[in-house]
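Student: Got a file for you: work.csv, CSV, C-alpha atoms.
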chain,number,residue,atom,x,y,z
A,1,MET,CA,107.0,18.8,83.1
A,2,GLY,CA,105.1,21.6,81.3
A,3,ALA,CA,101.7,20.1,81.4
A,4,PRO,CA,99.7,21.0,84.6
A,5,LEU,CA,99.3,18.3,87.2
A,6,ILE,CA,95.9,16.9,88.3
A,7,ALA,CA,95.2,14.6,91.2
A,8,CYS,CA,92.5,11.9,90.7
A,9,HIS,CA,89.7,12.8,93.1
A,10,GLU,CA,89.0,9.1,93.8
A,11,CYS,CA,92.5,7.7,94.2
A,12,ASP,CA,94.8,10.7,94.6
A,13,LEU,CA,97.1,9.6,91.7
A,14,LEU,CA,99.1,12.5,90.3
A,15,GLN,CA,98.9,12.7,86.5
A,16,HIS,CA,99.8,15.2,83.8
A,17,GLU,CA,96.8,16.9,82.1
A,18,ALA,CA,96.7,16.1,78.4
A,19,PRO,CA,94.7,18.0,75.8
A,20,LEU,CA,91.5,16.1,74.7
A,21,PRO,CA,90.0,15.6,71.3
A,22,ARG,CA,86.5,17.0,70.8
A,23,GLY,CA,84.1,15.1,73.1
A,24,GLY,CA,87.0,13.1,74.6
A,25,VAL,CA,87.3,11.8,78.2
A,26,ALA,CA,90.3,11.7,80.4
A,27,ARG,CA,90.3,8.8,82.9
A,28,CYS,CA,92.6,8.1,85.8
A,29,ALA,CA,95.3,5.6,84.7
A,30,ARG,CA,95.0,3.7,88.0
A,31,CYS,CA,91.3,3.6,89.1
A,32,GLY,CA,89.5,4.5,85.9
A,33,ALA,CA,87.6,7.5,87.5
A,34,GLU,CA,86.7,10.3,85.1
A,35,LEU,CA,89.2,13.1,85.5
A,36,TYR,CA,87.7,15.6,83.1
A,37,ARG,CA,85.9,15.6,79.8
A,38,ASP,CA,85.8,17.9,76.8
A,39,ARG,CA,82.4,19.5,76.9
A,40,PRO,CA,82.1,21.9,74.0
A,41,ASP,CA,80.4,25.2,74.8
A,42,SER,CA,79.7,23.8,78.3
A,43,LEU,CA,78.7,27.1,80.0
A,44,GLU,CA,76.5,28.4,77.2
A,45,ARG,CA,74.6,25.1,76.9
A,46,THR,CA,74.2,24.8,80.7
A,47,LEU,CA,72.8,28.3,80.8
A,48,ALA,CA,70.4,27.6,78.0
A,49,LEU,CA,69.2,24.4,79.5
A,50,THR,CA,68.8,26.1,82.9
A,51,ALA,CA,66.5,28.7,81.4
A,52,GLY,CA,64.4,25.9,80.0
A,53,ALA,CA,64.5,24.0,83.3
A,54,VAL,CA,63.3,27.0,85.3
A,55,PHE,CA,60.3,27.3,83.0
A,56,LEU,CA,59.4,23.6,83.3
A,57,PHE,CA,60.1,23.7,87.1
A,58,VAL,CA,57.5,26.5,87.6
A,59,ILE,CA,54.9,24.6,85.5
A,60,ALA,CA,55.6,21.3,87.2
A,61,ASN,CA,55.0,22.9,90.6
A,62,SER,CA,51.9,25.0,89.7
A,63,PHE,CA,49.7,22.4,88.1
A,64,PRO,CA,48.3,19.1,89.2
A,65,ILE,CA,50.5,16.0,88.6
A,66,ILE,CA,47.8,13.4,88.5
A,67,GLY,CA,44.1,13.3,89.3
A,68,LEU,CA,41.8,10.5,90.4
A,69,ALA,CA,38.3,10.3,88.8
A,70,LEU,CA,35.9,8.6,91.1
A,71,GLN,CA,32.1,8.7,91.1
A,72,GLY,CA,32.0,11.9,89.2
A,73,GLN,CA,34.5,13.6,91.4
A,74,VAL,CA,38.1,14.4,90.4
A,75,ILE,CA,40.7,14.6,93.1
A,76,GLN,CA,43.9,16.2,92.0
A,77,THR,CA,47.2,16.7,93.6
A,78,THR,CA,50.1,19.1,93.0
A,79,LEU,CA,53.6,18.3,94.2
A,80,TYR,CA,53.3,20.8,97.1
A,81,LYS,CA,49.9,19.2,98.1
A,82,THR,CA,51.6,15.8,98.6
A,83,VAL,CA,54.1,17.4,100.9
A,84,ASP,CA,51.3,19.3,102.7
A,85,THR,CA,49.2,16.1,103.2
A,86,LEU,CA,52.1,14.1,104.6
A,87,TRP,CA,52.8,17.0,107.0
A,88,ASP,CA,49.2,16.9,108.2
A,89,GLU,CA,49.3,13.2,108.6
A,90,GLU,CA,52.0,13.5,111.2
A,91,MET,CA,54.7,12.3,108.8
A,92,LYS,CA,56.7,15.4,109.1
A,93,SER,CA,60.1,13.8,108.5
A,94,VAL,CA,58.9,12.2,105.3
A,95,ALA,CA,57.2,15.4,104.2
A,96,ALA,CA,60.4,17.3,104.7
A,97,LEU,CA,62.3,14.7,102.8
A,98,VAL,CA,60.0,14.9,99.8
A,99,PHE,CA,60.0,18.7,100.0
A,100,VAL,CA,63.8,18.9,100.1
A,101,THR,CA,64.6,16.4,97.3
A,102,THR,CA,61.9,17.4,94.8
A,103,ILE,CA,61.3,21.1,95.4
A,104,ALA,CA,64.0,22.8,97.5
A,105,MET,CA,67.1,21.2,96.1
A,106,PRO,CA,66.2,21.4,92.4
A,107,ALA,CA,65.2,25.1,93.0
A,108,LEU,CA,68.5,25.9,94.7
A,109,GLN,CA,70.4,24.1,91.9
A,110,LEU,CA,68.7,26.1,89.2
A,111,SER,CA,69.0,29.4,91.1
A,112,ALA,CA,72.7,28.7,91.6
A,113,PHE,CA,73.3,27.9,87.9
A,114,THR,CA,71.5,31.1,86.9
A,115,TYR,CA,73.4,33.2,89.5
A,116,LEU,CA,76.8,31.9,88.4
A,117,LEU,CA,76.4,31.6,84.7
A,118,LEU,CA,74.3,34.7,83.7
A,119,PRO,CA,76.8,37.3,85.0
A,120,LEU,CA,79.7,35.3,83.6
A,121,ARG,CA,78.1,35.3,80.2
A,122,LEU,CA,78.1,39.1,80.5
A,123,GLY,CA,81.8,39.0,81.5
A,124,ARG,CA,81.4,39.7,85.2
A,125,VAL,CA,82.0,37.5,88.2
A,126,PRO,CA,79.1,37.7,90.7
A,127,PRO,CA,79.8,38.3,94.4
A,128,HIS,CA,80.2,35.2,96.5
A,129,PHE,CA,81.1,33.2,93.4
A,130,ALA,CA,83.0,30.6,95.3
A,131,LEU,CA,80.4,30.2,98.1
A,132,VAL,CA,77.6,29.7,95.6
A,133,PHE,CA,79.7,27.2,93.6
A,134,ARG,CA,80.3,25.2,96.7
A,135,MET,CA,76.6,25.2,97.6
A,136,LEU,CA,75.8,24.1,94.1
A,137,GLN,CA,78.2,21.1,94.3
A,138,ALA,CA,76.8,20.2,97.8
A,139,VAL,CA,73.2,20.4,96.6
A,140,ARG,CA,73.5,18.4,93.4
A,141,PRO,CA,73.3,14.8,94.8
A,142,TRP,CA,70.0,15.7,96.7
A,143,GLY,CA,67.9,16.7,93.8
A,144,MET,CA,65.9,13.6,92.8
A,145,VAL,CA,63.5,14.7,90.1
A,146,GLU,CA,64.1,11.5,88.0
A,147,VAL,CA,63.4,9.2,91.0
A,148,PHE,CA,60.2,11.2,91.8
A,149,MET,CA,59.1,10.8,88.2
A,150,LEU,CA,59.4,7.0,88.4
A,151,GLY,CA,57.6,7.1,91.8
A,152,VAL,CA,54.6,9.0,90.1
A,153,LEU,CA,54.5,6.3,87.4
A,154,VAL,CA,54.4,3.5,89.9
A,155,SER,CA,51.6,5.2,91.9
A,156,LEU,CA,49.7,5.7,88.6
A,157,VAL,CA,49.7,2.0,87.9
A,158,LYS,CA,48.9,1.2,91.6
A,159,LEU,CA,45.9,3.6,91.5
A,160,ALA,CA,44.7,2.6,88.1
A,161,HIS,CA,42.7,-0.4,89.4
A,162,LEU,CA,40.9,1.8,92.0
A,163,ALA,CA,39.7,4.6,89.8
A,164,GLY,CA,40.3,6.4,86.5
A,165,VAL,CA,43.7,8.1,86.6
A,166,VAL,CA,44.0,11.5,84.9
A,167,PRO,CA,47.5,12.6,84.1
A,168,GLY,CA,48.0,16.4,84.7
A,169,ILE,CA,50.0,19.0,82.9
A,170,ALA,CA,52.7,18.9,85.6
A,171,LEU,CA,53.3,15.2,84.9
A,172,TRP,CA,54.5,16.0,81.4
A,173,SER,CA,56.5,19.0,82.6
A,174,PHE,CA,58.1,16.8,85.2
A,175,ALA,CA,59.1,14.3,82.5
A,176,ALA,CA,60.6,17.1,80.4
A,177,LEU,CA,62.3,18.6,83.5
A,178,MET,CA,63.8,15.2,84.3
A,179,LEU,CA,65.4,15.1,80.8
A,180,VAL,CA,66.6,18.7,80.9
A,181,MET,CA,68.2,18.2,84.4
A,182,ALA,CA,70.0,15.1,83.1
A,183,ALA,CA,71.2,17.1,80.1
A,184,ILE,CA,72.5,19.8,82.5
A,185,THR,CA,74.5,17.2,84.4
A,186,ALA,CA,75.9,15.9,81.1
A,187,VAL,CA,77.0,19.3,79.7
A,188,PHE,CA,78.1,21.2,82.8
A,189,ASP,CA,81.9,21.4,83.3
A,190,PRO,CA,83.1,22.9,86.6
A,191,ARG,CA,86.6,23.3,85.1
A,192,ALA,CA,85.3,25.5,82.4
A,193,LEU,CA,83.4,27.5,85.0
A,194,TRP,CA,86.6,28.3,86.9
A,195,GLU,CA,88.5,29.0,83.7
A,196,ARG,CA,85.9,31.5,82.7
A,197,ALA,CA,85.7,33.1,86.1
A,198,GLU,CA,89.4,33.5,86.3
A,199,ALA,CA,89.6,35.1,82.9
A,200,ALA,CA,86.7,37.4,83.7
A,201,GLY,CA,88.3,38.3,87.1
A,202,ARG,CA,91.5,39.3,85.4
A,203,THR,CA,89.9,41.6,82.9
A,204,GLY,CA,87.6,43.0,85.6
A,205,ALA,CA,90.6,43.8,87.8
A,206,ALA,CA,92.4,45.7,85.0
A,207,PRO,CA,91.8,49.4,85.1
B,1,MET,CA,105.6,7.1,84.7
B,2,SER,CA,107.8,4.7,86.7
B,3,ARG,CA,105.8,4.5,89.8
B,4,ALA,CA,102.4,5.6,91.0
B,5,VAL,CA,102.8,8.8,93.0
B,6,THR,CA,99.9,10.3,94.8
B,7,ALA,CA,99.3,13.9,95.6
B,8,ALA,CA,99.5,13.2,99.3
B,9,GLU,CA,103.0,11.7,99.0
B,10,LEU,CA,104.3,14.9,97.4
B,11,GLY,CA,102.6,17.1,100.0
B,12,LEU,CA,99.8,18.2,97.7
B,13,VAL,CA,96.1,18.3,98.3
B,14,GLY,CA,93.4,18.2,95.7
B,15,CYS,CA,90.3,20.2,96.6
B,16,HIS,CA,87.2,18.0,97.1
B,17,VAL,CA,84.9,20.6,95.6
B,18,CYS,CA,86.7,22.3,92.6
B,19,GLY,CA,89.7,19.9,92.0
B,20,LEU,CA,92.4,22.5,92.3
B,21,LEU,CA,95.8,21.2,93.6
B,22,SER,CA,97.3,23.1,96.5
B,23,ARG,CA,100.5,22.6,98.5
B,24,ALA,CA,99.7,21.2,102.0
B,25,VAL,CA,101.0,23.4,104.8
B,26,PRO,CA,102.6,21.0,107.3
B,27,GLY,CA,101.2,21.6,110.8
B,28,ALA,CA,98.5,24.0,109.6
B,29,HIS,CA,95.3,23.7,111.6
B,30,GLU,CA,92.9,24.4,108.9
B,31,MET,CA,93.6,24.8,105.2
B,32,ARG,CA,91.3,26.2,102.6
B,33,CYS,CA,91.3,26.0,98.9
B,34,ALA,CA,92.8,29.1,97.3
B,35,ARG,CA,90.2,29.1,94.5
B,36,CYS,CA,86.8,28.1,96.0
B,37,ALA,CA,87.6,28.4,99.7
B,38,ALA,CA,86.4,24.9,100.6
B,39,PRO,CA,88.1,23.2,103.5
B,40,LEU,CA,91.1,21.1,102.3
B,41,HIS,CA,91.8,17.7,103.7
B,42,VAL,CA,94.5,15.3,102.5
B,43,ARG,CA,91.9,12.6,103.2
B,44,LYS,CA,88.3,13.1,104.4
B,45,PRO,CA,88.4,13.6,108.2
B,46,ALA,CA,87.6,10.5,110.3
B,47,SER,CA,86.2,9.0,107.1
B,48,VAL,CA,86.1,5.4,108.3
B,49,SER,CA,84.5,6.0,111.7
B,50,ARG,CA,81.9,8.4,110.3
B,51,CYS,CA,81.1,6.0,107.6
B,52,TRP,CA,80.7,3.2,110.1
B,53,ALA,CA,78.5,5.2,112.4
B,54,LEU,CA,76.1,6.3,109.7
B,55,LEU,CA,76.1,2.8,108.2
B,56,ILE,CA,75.3,1.1,111.5
B,57,ALA,CA,72.4,3.5,112.2
B,58,ALA,CA,71.1,2.7,108.7
B,59,MET,CA,71.3,-1.0,109.3
B,60,ILE,CA,69.3,-0.7,112.5
B,61,LEU,CA,66.6,1.3,110.8
B,62,TYR,CA,66.5,-1.1,107.9
B,63,ILE,CA,64.6,-3.6,110.2
B,64,PRO,CA,61.6,-1.3,111.0
B,65,ALA,CA,61.7,0.0,107.5
B,66,ASN,CA,60.9,-3.5,106.3
B,67,THR,CA,58.7,-4.8,109.0
B,68,LEU,CA,56.5,-1.7,109.9
B,69,PRO,CA,53.8,-0.7,107.4
B,70,MET,CA,54.5,1.9,104.7
B,71,MET,CA,50.8,2.7,104.3
B,72,ARG,CA,47.6,2.0,106.1
B,73,THR,CA,44.4,1.8,104.1
B,74,SER,CA,41.1,2.3,105.9
B,75,SER,CA,37.8,1.9,104.1
B,76,LEU,CA,34.2,0.9,104.9
B,77,PHE,CA,35.4,-2.7,104.6
B,78,GLY,CA,38.0,-2.6,107.3
B,79,SER,CA,41.7,-1.6,107.3
B,80,GLN,CA,44.8,-3.0,105.9
B,81,SER,CA,48.5,-2.4,106.3
B,82,ASP,CA,51.1,-2.6,103.6
B,83,THR,CA,54.8,-3.2,104.1
B,84,ILE,CA,57.3,-2.8,101.3
B,85,MET,CA,57.3,-6.6,100.7
B,86,SER,CA,53.6,-6.9,100.7
B,87,GLY,CA,53.5,-4.2,98.0
B,88,VAL,CA,55.9,-6.2,95.9
B,89,VAL,CA,53.8,-9.3,96.4
B,90,TYR,CA,50.7,-7.4,95.5
B,91,PHE,CA,52.1,-6.2,92.2
B,92,TRP,CA,53.5,-9.6,91.4
B,93,THR,CA,50.2,-11.4,92.0
B,94,SER,CA,48.2,-8.8,90.2
B,95,GLY,CA,50.2,-9.3,87.0
B,96,SER,CA,52.4,-6.1,87.1
B,97,TRP,CA,55.5,-8.2,87.5
B,98,TYR,CA,57.7,-5.5,86.0
B,99,LEU,CA,56.6,-3.1,88.7
B,100,ALA,CA,57.1,-5.8,91.4
B,101,LEU,CA,60.7,-6.1,90.1
B,102,ILE,CA,61.4,-2.3,90.1
B,103,ILE,CA,60.1,-1.9,93.6
B,104,PHE,CA,61.9,-5.1,94.8
B,105,PHE,CA,65.2,-3.8,93.4
B,106,ALA,CA,64.9,-0.2,94.4
B,107,SER,CA,63.5,-0.7,97.9
B,108,ILE,CA,64.9,-4.0,99.1
B,109,MET,CA,67.9,-5.0,97.1
B,110,VAL,CA,69.5,-1.6,96.5
B,111,PRO,CA,69.7,-0.5,100.2
B,112,LEU,CA,70.8,-4.0,101.3
B,113,LEU,CA,73.5,-4.4,98.6
B,114,LYS,CA,74.6,-0.8,99.3
B,115,MET,CA,75.1,-1.5,103.0
B,116,LEU,CA,76.9,-4.8,102.3
B,117,ALA,CA,79.1,-3.0,99.7
B,118,LEU,CA,80.0,-0.3,102.3
B,119,VAL,CA,80.8,-3.0,104.9
B,120,LEU,CA,83.1,-4.7,102.4
B,121,LEU,CA,84.8,-1.4,101.5
B,122,LEU,CA,85.3,-0.3,105.1
B,123,LEU,CA,86.7,-3.7,106.2
B,124,SER,CA,89.1,-3.9,103.3
B,125,VAL,CA,90.3,-0.4,103.9
B,126,GLN,CA,90.8,-1.0,107.6
B,127,ARG,CA,92.9,-4.1,106.8
B,128,ARG,CA,94.8,-2.1,104.2
B,129,SER,CA,94.0,-4.8,101.7
B,130,ARG,CA,95.5,-4.7,98.2
B,131,TRP,CA,92.8,-7.1,96.9
B,132,GLN,CA,90.9,-6.0,93.8
B,133,GLN,CA,91.5,-2.3,94.2
B,134,ALA,CA,90.2,-1.3,90.8
B,135,GLN,CA,87.1,-3.4,91.3
B,136,ARG,CA,86.5,-1.9,94.7
B,137,ALA,CA,86.9,1.6,93.3
B,138,ARG,CA,84.2,0.7,90.7
B,139,LEU,CA,82.0,-0.7,93.4
B,140,TYR,CA,82.2,2.6,95.3
B,141,ARG,CA,81.2,4.5,92.2
B,142,LEU,CA,78.2,2.2,91.7
B,143,VAL,CA,77.1,2.6,95.3
B,144,GLU,CA,77.2,6.4,94.9
B,145,PHE,CA,75.2,6.2,91.7
B,146,VAL,CA,72.4,3.8,92.6
B,147,GLY,CA,71.7,5.0,96.2
B,148,ARG,CA,69.2,7.7,95.2
B,149,TRP,CA,66.8,5.3,93.5
B,150,SER,CA,65.8,3.9,96.8
B,151,MET,CA,63.7,7.0,97.4
B,152,LEU,CA,61.2,5.6,94.9
B,153,ASP,CA,58.9,4.0,97.6
B,154,ILE,CA,58.8,7.3,99.6
B,155,TYR,CA,57.5,9.1,96.5
B,156,VAL,CA,54.9,6.4,95.8
B,157,VAL,CA,53.6,6.7,99.4
B,158,ALA,CA,53.6,10.5,99.1
B,159,VAL,CA,51.5,10.6,95.9
B,160,ILE,CA,49.1,7.9,96.9
B,161,VAL,CA,48.5,9.4,100.4
B,162,ALA,CA,47.8,12.8,98.8
B,163,LEU,CA,45.3,11.4,96.3
B,164,VAL,CA,43.3,8.8,98.3
B,165,GLN,CA,41.7,11.1,100.8
B,166,LEU,CA,38.0,10.2,100.2
B,167,LYS,CA,37.0,10.7,103.8
B,168,ALA,CA,33.7,8.8,103.3
B,169,LEU,CA,35.0,5.8,101.3
B,170,ALA,CA,38.7,5.2,102.0
B,171,THR,CA,41.7,7.0,103.3
B,172,ILE,CA,45.3,6.0,103.0
B,173,GLN,CA,47.7,7.1,105.7
B,174,PRO,CA,51.5,6.9,105.7
B,175,GLY,CA,52.9,4.3,108.2
B,176,ALA,CA,55.9,4.5,110.5
B,177,GLY,CA,57.8,2.3,108.0
B,178,ALA,CA,57.9,5.2,105.6
B,179,ALA,CA,59.8,7.4,108.1
B,180,ALA,CA,62.3,4.6,108.9
B,181,PHE,CA,62.8,3.9,105.2
B,182,GLY,CA,63.4,7.5,104.4
B,183,ALA,CA,66.0,7.6,107.2
B,184,VAL,CA,67.7,4.5,105.8
B,185,VAL,CA,68.1,6.2,102.4
B,186,VAL,CA,69.4,9.4,103.8
B,187,LEU,CA,71.8,7.7,106.2
B,188,THR,CA,73.3,5.4,103.6
B,189,MET,CA,73.8,8.4,101.2
B,190,PHE,CA,75.6,10.3,104.0
B,191,SER,CA,77.6,7.2,104.8
B,192,ALA,CA,78.7,6.8,101.2
B,193,MET,CA,79.7,10.5,101.1
B,194,ALA,CA,81.7,10.1,104.3
B,195,PHE,CA,83.7,7.3,102.8
B,196,ASP,CA,87.0,8.4,101.1
B,197,PRO,CA,87.7,6.2,98.1
B,198,ARG,CA,91.3,7.3,98.1
B,199,LEU,CA,91.8,5.1,101.2
B,200,ILE,CA,91.3,2.1,98.9
B,201,TRP,CA,94.7,2.9,97.4
B,202,ASP,CA,96.5,4.0,100.6
B,203,THR,CA,98.0,0.6,101.2
B,204,SER,CA,101.6,1.6,101.6
B,205,GLY,CA,101.4,1.6,105.4
B,206,LYS,CA,101.6,5.4,105.8
B,207,SER,CA,98.5,6.6,107.4
B,208,HIS,CA,96.7,9.7,106.3
B,209,ALA,CA,93.4,9.1,108.1
Output the file's structure in the form of structure tokens.
Tutor:
Amino acid sequence: MGAPLIACHECDLLQHEAPLPRGGVARCARCGAELYRDRPDSLERTLALTAGAVFLFVIANSFPIIGLALQGQVIQTTLYKTVDTLWDEEMKSVAALVFVTTIAMPALQLSAFTYLLLPLRLGRVPPHFALVFRMLQAVRPWGMVEVFMLGVLVSLVKLAHLAGVVPGIALWSFAALMLVMAAITAVFDPRALWERAEAAGRTGAAP
Amino acid sequence: MSRAVTAAELGLVGCHVCGLLSRAVPGAHEMRCARCAAPLHVRKPASVSRCWALLIAAMILYIPANTLPMMRTSSLFGSQSDTIMSGVVYFWTSGSWYLALIIFFASIMVPLLKMLALVLLLLSVQRRSRWQQAQRARLYRLVEFVGRWSMLDIYVVAVIVALVQLKALATIQPGAGAAAFGAVVVLTMFSAMAFDPRLIWDTSGKSHA
């Protein structure tokens, strides 16, 4: 005994936690699922990347993604306009799906990271910490920025034979946002978040 | 370690959300994680039947998703409807074979293989099979990872419809296939989430489900 126990989230096998070397990964002895991973400075890096992602997210949503140059006319579309057009075309379910997966969920995810990590960085546990954490974990599978990016590239090729295609600022911000979001997934460690919250809660409770 | 011992066998429950181990209270109606307050379950509730229900709904919708048009193009020269497969054929014949392959895999193969994989996982779990447990665990991880990429065609339709709105020359409208296809992607994602991979290893005969 001594070492704390951990149950594999995929096969329920009980194992003793072992300390990891820098950058090491602990895998389940039976099913091979990742149990935990050593992510150095996880929370600081996640917060820094979140700040960058918020900035890129705002640009990606405010400017045109691509434009179509046809007979001296340039038609441009922003992400929100694609949702709006689908809505007007009586494709409300598809419009809602695009809105949720490319705008609402990434926005919620970035807000939740900021809400949890910024006060923690200052040594305080924000109210409703557990609730926001659960929301964050529920939201994460539904943000699909990287798939959307590939979709834009495919439509770019598809439209290129029809007219001149003009890439917009938001296209580049989306590409960058995709990379930063992937980096957040790679560096964020929920275990470190709870360790920090419990440590902050203890000092906060002391008189 | 002499023998594989699961948390459930020792009366422990791992939280789905934050991973904390708690002691299961026998006979308790509803347990919540002491740390993050998520509902605790020894195994996901009604995992197999919920997974089946969502999967069967997805299978039914997979048919209109592939047969109904994703997009309708109307121009001065008449109108045209495109299904997913005709889009693949178009890219293939116009020389963009790599795009044809990407769309073929993301929109046709991934949903199909994902549904077959879930059928295999569900049937083997229901028969308490000990066959290839580690491989099936890996299959489940793969299913969870690739499912999202099927959204690709939905985004292609969204972007093209928003751009090609030249009322005088041509308009492209989304077709009913797009709605069915979006539903397939969402239903298979929920179905995979409802499946509890721990059932793969519960072959001892003691039921937790």
Student: Specify as a PyMOL selection string all residues of chain A found within 8 Å of chain B, counting all atoms listed in the file.
Tutor: chain A and resi 5-7+9-14+30-32+67-68+75-77+81-83+85-86+89+91+93-95+97-98+130-131+133-134+137+144+147-148+150-152+154-155+159+190-191
Student: Around (53.6, 13.9, 79.6) in the file's own coordinates, what residues are found within 12 Å if you use only C-alpha atoms, given back as a PyMOL selection string?
Tutor: chain A and resi 56+60+65-66+149+152-153+166-179
Student: If I take atom CA of Thr114 of chain A and atom CA of Leu136 of chain A, how far is one from the other in Å, to one decimal?
Tutor: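 For atom CA of Thr114 of chain A relative to atom CA of Leu136 of chain A, the distance reads 10.9 Å.
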Student: Rank A:Ala200, A:Val180, A:Ala51, A:Ala69 by their smallest atom-to-atom distance to Arg124 of chain A, using all atoms listed in the file, and report the top residue only.
Tutor: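 For Arg124 of chain A, the nearest of the given residues is A:Ala200.
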Student: Between atom CA of Asp38 of chain A and atom CA of Ala26 of chain A, what is the distance, to one decimal in Å?
Tutor: 8.5 Å
Student: So, with all atoms listed in the file as the atoms that count, which of A:His128, A:Ile59, A:Ala112, A:Val145 lies closest to Phe99 of chain A?
Tutor: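 Smallest distance to Phe99 of chain A is found for A:Val145.
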Student: Extract, using all atoms listed in the file, all DNA, RNA and protein residues at most 6 Å from Leu40 of chain B, discarding same-chain residues fewer than 3 positions from it, and format them as a VMD selection string.
Tutor: chain B and resid 15 31 to 33
Student: For each of A:Cys28, A:Val187, A:Met135, A:Ala18, take the minimum atom-to-atom distance to Pro40 of chain A, counting only C-alpha atoms, then give the residue where this is smallest.
Tutor: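 For Pro40 of chain A, the nearest of the given residues is A:Val187.
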Student: Could you tell me how far atom CA of Val25 of chain B lies from atom CA of Pro39 of chain B, in Å and to one decimal?
Tutor: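 Separation of atom CA of Val25 of chain B and atom CA of Pro39 of chain B: 13.0 Å.
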Student: Nearest residue to Phe105 of chain B out of B:Val146, B:Val119, B:Leu76, B:Val184, using only C-alpha atoms?
Tutor: B:Val146
Student: Excluding Thr73 of chain B and its own-chain neighbours fewer than 4 positions away, which residues fall within 6 Å of it when counting all atoms listed in the file? Please give them as a PDB file with C-alpha atoms, in the coordinates of the input.
Tutor:
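Listing of out-v9.pdb after writing:
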ATOM      1  CA  SER B  79      41.700  -1.600 107.300  1.00  0.00           C
ATOM      2  CA  GLN B  80      44.800  -3.000 105.900  1.00  0.00           C
ATOM      3  CA  THR B 171      41.700   7.000 103.300  1.00  0.00           C
ATOM      4  CA  ILE B 172      45.300   6.000 103.000  1.00  0.00           C
TER       5      ILE B 172
END
Student: Which residues are close to Leu118 of chain A, i.e. within 12 Å by all atoms listed in the file, leaving aside same-chain residues fewer than 3 positions away? Reply as a list in words.
Tutor: Leu43, Glu44, Arg45, Thr46, Leu47, Ala48, Thr50, Ala51, Leu110, Ser111, Ala112, Phe113, Thr114, Tyr115, Arg121, Leu122, Gly123, Arg124, Val125, Pro126, Phe129, Leu193 and Ala197 of chain A
Student: Can I get the selection written as a PDB file, in the coordinates of the input, with C-alpha atoms?
Tutor:
ATOM      1  CA  LEU A  43      78.700  27.100  80.000  1.00  0.00           C
ATOM      2  CA  GLU A  44      76.500  28.400  77.200  1.00  0.00           C
ATOM      3  CA  ARG A  45      74.600  25.100  76.900  1.00  0.00           C
ATOM      4  CA  THR A  46      74.200  24.800  80.700  1.00  0.00           C
ATOM      5  CA  LEU A  47      72.800  28.300  80.800  1.00  0.00           C
ATOM      6  CA  ALA A  48      70.400  27.600  78.000  1.00  0.00           C
ATOM      7  CA  THR A  50      68.800  26.100  82.900  1.00  0.00           C
ATOM      8  CA  ALA A  51      66.500  28.700  81.400  1.00  0.00           C
ATOM      9  CA  LEU A 110      68.700  26.100  89.200  1.00  0.00           C
ATOM     10  CA  SER A 111      69.000  29.400  91.100  1.00  0.00           C
ATOM     11  CA  ALA A 112      72.700  28.700  91.600  1.00  0.00           C
ATOM     12  CA  PHE A 113      73.300  27.900  87.900  1.00  0.00           C
ATOM     13  CA  THR A 114      71.500  31.100  86.900  1.00  0.00           C
ATOM     14  CA  TYR A 115      73.400  33.200  89.500  1.00  0.00           C
ATOM     15  CA  ARG A 121      78.100  35.300  80.200  1.00  0.00           C
ATOM     16  CA  LEU A 122      78.100  39.100  80.500  1.00  0.00           C
ATOM     17  CA  GLY A 123      81.800  39.000  81.500  1.00  0.00           C
ATOM     18  CA  ARG A 124      81.400  39.700  85.200  1.00  0.00           C
ATOM     19  CA  VAL A 125      82.000  37.500  88.200  1.00  0.00           C
ATOM     20  CA  PRO A 126      79.100  37.700  90.700  1.00  0.00           C
ATOM     21  CA  PHE A 129      81.100  33.200  93.400  1.00  0.00           C
ATOM     22  CA  LEU A 193      83.400  27.500  85.000  1.00  0.00           C
ATOM     23  CA  ALA A 197      85.700  33.100  86.100  1.00  0.00           C
TER      24      ALA A 197
END
Student: Kindly indicate which residue among B:Ala170, B:Val125, B:Leu68, B:Met115 lies nearest to Ser49 of chain B, using only C-alpha atoms for the distances.
Tutor: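 Closest to Ser49 of chain B, using only C-alpha atoms: B:Val125.
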Student: When distances are computed from all atoms listed in the file, which of B:Leu121, B:Ile63, B:Leu187, B:Ile108 shows the smallest separation from Met85 of chain B?
Tutor: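 Going through B:Leu121, B:Ile63, B:Leu187, B:Ile108 one by one, the smallest distance to Met85 of chain B is for B:Ile108.
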Student: Write out N, CA and C atoms for segment 165-170 of chain A, as a PDB file, in the coordinates of the input.
Tutor:
ATOM      1  N   VAL A 165      42.574   7.248  86.278  1.00  0.00           N
ATOM      2  CA  VAL A 165      43.700   8.100  86.600  1.00  0.00           C
ATOM      3  C   VAL A 165      43.836   9.155  85.480  1.00  0.00           C
ATOM      4  N   VAL A 166      43.872  10.433  85.872  1.00  0.00           N
ATOM      5  CA  VAL A 166      44.000  11.500  84.900  1.00  0.00           C
ATOM      6  C   VAL A 166      45.342  12.162  85.000  1.00  0.00           C
ATOM      7  N   PRO A 167      46.208  11.983  83.999  1.00  0.00           N
ATOM      8  CA  PRO A 167      47.500  12.600  84.100  1.00  0.00           C
ATOM      9  C   PRO A 167      47.347  14.146  83.933  1.00  0.00           C
ATOM     10  N   GLY A 168      48.067  14.913  84.736  1.00  0.00           N
ATOM     11  CA  GLY A 168      48.000  16.400  84.700  1.00  0.00           C
ATOM     12  C   GLY A 168      49.092  16.986  83.891  1.00  0.00           C
ATOM     13  N   ILE A 169      48.997  18.307  83.682  1.00  0.00           N
ATOM     14  CA  ILE A 169      50.000  19.000  82.900  1.00  0.00           C
ATOM     15  C   ILE A 169      51.394  18.861  83.574  1.00  0.00           C
ATOM     16  N   ALA A 170      51.385  18.913  84.910  1.00  0.00           N
ATOM     17  CA  ALA A 170      52.700  18.900  85.600  1.00  0.00           C
ATOM     18  C   ALA A 170      53.390  17.541  85.406  1.00  0.00           C
TER      19      ALA A 170
END
